[in-house]
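Everything on this sheet refers to the single structure shown next.
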Amino acid sequence: MALSTHIQQLKQKHENLSETVARLQRMPAVDDLQIAAMKKEKLKLKEEISRLGSA
């Protein structure tokens, strides 16, 4: 897999998580732990994208 393809997949996964978090935060009965875990995963993805983009 080419590096640019991998970065694009990571960006798509990050965007999907952003949309999911936003949708869940609008719901009345929200699992805060689930949202926190998703936000951590988003941060990991963002850091990996940044690391790979500067390589």
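By order in the structure tokens, chains are A, B, ...; within a chain, residues start at 1; ligands start at 1, following the order shown.
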Near-segment 30-42 of chain A list (9 Å; only C-alpha atoms; drop same-chain fewer than 3 positions) as number ranges by chain: A: 13-15, 17-18, 20-21, 24-27, 45-47
Residue neighbourhood His6 of chain A, 12 Å, only C-alpha atoms, exclusion window fewer than 6 positions, as a CSV table (one decimal) with N, CA and C atoms, in the first residue's frame:
```csv
chain,number,residue,atom,x,y,z
A,12,GLN,N,-9.9,9.5,6.3
A,12,GLN,CA,-11.3,9.1,6.2
A,12,GLN,C,-11.8,8.5,7.5
A,13,LYS,N,-11.0,7.7,8.1
A,13,LYS,CA,-11.3,7.1,9.4
A,13,LYS,C,-11.5,8.2,10.5
A,45,LEU,N,-5.2,9.0,15.5
A,45,LEU,CA,-5.2,9.1,14.0
A,45,LEU,C,-4.6,10.4,13.5
A,48,GLU,N,-0.8,10.2,13.9
A,48,GLU,CA,-0.2,9.3,12.9
A,48,GLU,C,-0.2,10.0,11.5
A,49,ILE,N,-1.3,10.6,11.2
A,49,ILE,CA,-1.4,11.3,9.9
A,49,ILE,C,-0.3,12.4,9.8
A,52,LEU,N,3.2,10.7,9.5
A,52,LEU,CA,3.4,10.1,8.2
A,52,LEU,C,3.5,11.2,7.1
A,53,GLY,N,2.8,12.3,7.3
A,53,GLY,CA,2.8,13.4,6.4
A,53,GLY,C,4.2,14.1,6.4
```
Residues within 12 Å of Ser4 of chain A, please, as a PDB file with all heavy atoms, in the first residue's frame. Count only C-alpha atoms; anything in the same chain fewer than 3 positions from it doesn't count.
```pdb
ATOM      1  N   MET A   1       0.847  -1.171   0.000  1.00  0.00           N
ATOM      2  CA  MET A   1       0.000   0.000   0.000  1.00  0.00           C
ATOM      3  C   MET A   1       0.895   1.238   0.000  1.00  0.00           C
ATOM      4  O   MET A   1       1.838   1.349   0.775  1.00  0.00           O
ATOM      5  CB  MET A   1      -0.888  -0.025   1.243  1.00  0.00           C
ATOM      6  CG  MET A   1      -1.715   1.205   1.416  1.00  0.00           C
ATOM      7  SD  MET A   1      -2.725   1.327   2.931  1.00  0.00           S
ATOM      8  CE  MET A   1      -3.116  -0.307   3.372  1.00  0.00           C
ATOM      9  N   ILE A   7      -2.391   7.266   4.210  1.00  0.00           N
ATOM     10  CA  ILE A   7      -2.744   8.546   4.839  1.00  0.00           C
ATOM     11  C   ILE A   7      -4.187   8.907   4.521  1.00  0.00           C
ATOM     12  O   ILE A   7      -4.936   9.360   5.399  1.00  0.00           O
ATOM     13  CB  ILE A   7      -1.773   9.660   4.398  1.00  0.00           C
ATOM     14  CG1 ILE A   7      -0.389   9.417   4.996  1.00  0.00           C
ATOM     15  CG2 ILE A   7      -2.292  11.038   4.816  1.00  0.00           C
ATOM     16  CD1 ILE A   7       0.693  10.349   4.491  1.00  0.00           C
ATOM     17  N   GLN A   8      -4.605   8.699   3.290  1.00  0.00           N
ATOM     18  CA  GLN A   8      -5.987   9.001   2.896  1.00  0.00           C
ATOM     19  C   GLN A   8      -6.975   8.139   3.681  1.00  0.00           C
ATOM     20  O   GLN A   8      -8.021   8.627   4.111  1.00  0.00           O
ATOM     21  CB  GLN A   8      -6.176   8.808   1.386  1.00  0.00           C
ATOM     22  CG  GLN A   8      -7.492   9.325   0.882  1.00  0.00           C
ATOM     23  CD  GLN A   8      -7.694  10.803   1.156  1.00  0.00           C
ATOM     24  OE1 GLN A   8      -6.765  11.589   1.074  1.00  0.00           O
ATOM     25  NE2 GLN A   8      -8.900  11.195   1.491  1.00  0.00           N
ATOM     26  N   GLN A   9      -6.654   6.877   3.887  1.00  0.00           N
ATOM     27  CA  GLN A   9      -7.521   5.995   4.670  1.00  0.00           C
ATOM     28  C   GLN A   9      -7.605   6.460   6.122  1.00  0.00           C
ATOM     29  O   GLN A   9      -8.681   6.434   6.723  1.00  0.00           O
ATOM     30  CB  GLN A   9      -7.018   4.552   4.601  1.00  0.00           C
ATOM     31  CG  GLN A   9      -7.243   3.895   3.270  1.00  0.00           C
ATOM     32  CD  GLN A   9      -6.630   2.509   3.196  1.00  0.00           C
ATOM     33  OE1 GLN A   9      -5.743   2.164   3.975  1.00  0.00           O
ATOM     34  NE2 GLN A   9      -7.103   1.720   2.247  1.00  0.00           N
ATOM     35  N   LEU A  10      -6.481   6.890   6.670  1.00  0.00           N
ATOM     36  CA  LEU A  10      -6.481   7.406   8.042  1.00  0.00           C
ATOM     37  C   LEU A  10      -7.325   8.668   8.147  1.00  0.00           C
ATOM     38  O   LEU A  10      -8.077   8.845   9.117  1.00  0.00           O
ATOM     39  CB  LEU A  10      -5.050   7.691   8.503  1.00  0.00           C
ATOM     40  CG  LEU A  10      -4.146   6.478   8.705  1.00  0.00           C
ATOM     41  CD1 LEU A  10      -2.724   6.928   8.995  1.00  0.00           C
ATOM     42  CD2 LEU A  10      -4.662   5.590   9.817  1.00  0.00           C
ATOM     43  N   LYS A  11      -7.220   9.545   7.165  1.00  0.00           N
ATOM     44  CA  LYS A  11      -8.025  10.771   7.166  1.00  0.00           C
ATOM     45  C   LYS A  11      -9.511  10.447   7.094  1.00  0.00           C
ATOM     46  O   LYS A  11     -10.329  11.079   7.776  1.00  0.00           O
ATOM     47  CB  LYS A  11      -7.629  11.672   5.994  1.00  0.00           C
ATOM     48  CG  LYS A  11      -6.297  12.358   6.188  1.00  0.00           C
ATOM     49  CD  LYS A  11      -5.963  13.251   5.014  1.00  0.00           C
ATOM     50  CE  LYS A  11      -4.635  13.963   5.207  1.00  0.00           C
ATOM     51  NZ  LYS A  11      -4.306  14.842   4.077  1.00  0.00           N
ATOM     52  N   ILE A  49      -1.312  10.648  11.180  1.00  0.00           N
ATOM     53  CA  ILE A  49      -1.383  11.336   9.895  1.00  0.00           C
ATOM     54  C   ILE A  49      -0.283  12.404   9.825  1.00  0.00           C
ATOM     55  O   ILE A  49       0.422  12.526   8.825  1.00  0.00           O
ATOM     56  CB  ILE A  49      -2.777  11.973   9.690  1.00  0.00           C
ATOM     57  CG1 ILE A  49      -3.829  10.884   9.472  1.00  0.00           C
ATOM     58  CG2 ILE A  49      -2.772  12.949   8.512  1.00  0.00           C
ATOM     59  CD1 ILE A  49      -5.264  11.363   9.592  1.00  0.00           C
ATOM     60  N   LEU A  52       3.187  10.693   9.518  1.00  0.00           N
ATOM     61  CA  LEU A  52       3.411  10.127   8.182  1.00  0.00           C
ATOM     62  C   LEU A  52       3.528  11.221   7.124  1.00  0.00           C
ATOM     63  O   LEU A  52       4.278  11.071   6.162  1.00  0.00           O
ATOM     64  CB  LEU A  52       2.284   9.164   7.812  1.00  0.00           C
ATOM     65  CG  LEU A  52       2.236   7.865   8.610  1.00  0.00           C
ATOM     66  CD1 LEU A  52       0.975   7.082   8.280  1.00  0.00           C
ATOM     67  CD2 LEU A  52       3.472   7.026   8.392  1.00  0.00           C
ATOM     68  N   GLY A  53       2.790  12.307   7.325  1.00  0.00           N
ATOM     69  CA  GLY A  53       2.846  13.404   6.360  1.00  0.00           C
ATOM     70  C   GLY A  53       4.175  14.132   6.355  1.00  0.00           C
ATOM     71  O   GLY A  53       4.589  14.676   5.331  1.00  0.00           O
ATOM     72  N   SER A  54       4.861  14.114   7.494  1.00  0.00           N
ATOM     73  CA  SER A  54       6.144  14.799   7.561  1.00  0.00           C
ATOM     74  C   SER A  54       7.317  13.859   7.258  1.00  0.00           C
ATOM     75  O   SER A  54       8.456  14.302   7.222  1.00  0.00           O
ATOM     76  CB  SER A  54       6.343  15.410   8.949  1.00  0.00           C
ATOM     77  OG  SER A  54       6.411  14.405   9.934  1.00  0.00           O
ATOM     78  N   ALA A  55       7.016  12.583   7.039  1.00  0.00           N
ATOM     79  CA  ALA A  55       8.090  11.603   6.749  1.00  0.00           C
ATOM     80  C   ALA A  55       8.552  11.686   5.315  1.00  0.00           C
ATOM     81  O   ALA A  55       7.951  12.147   4.439  1.00  0.00           O
ATOM     82  CB  ALA A  55       7.592  10.193   7.059  1.00  0.00           C
TER      83      ALA A  55
END
```
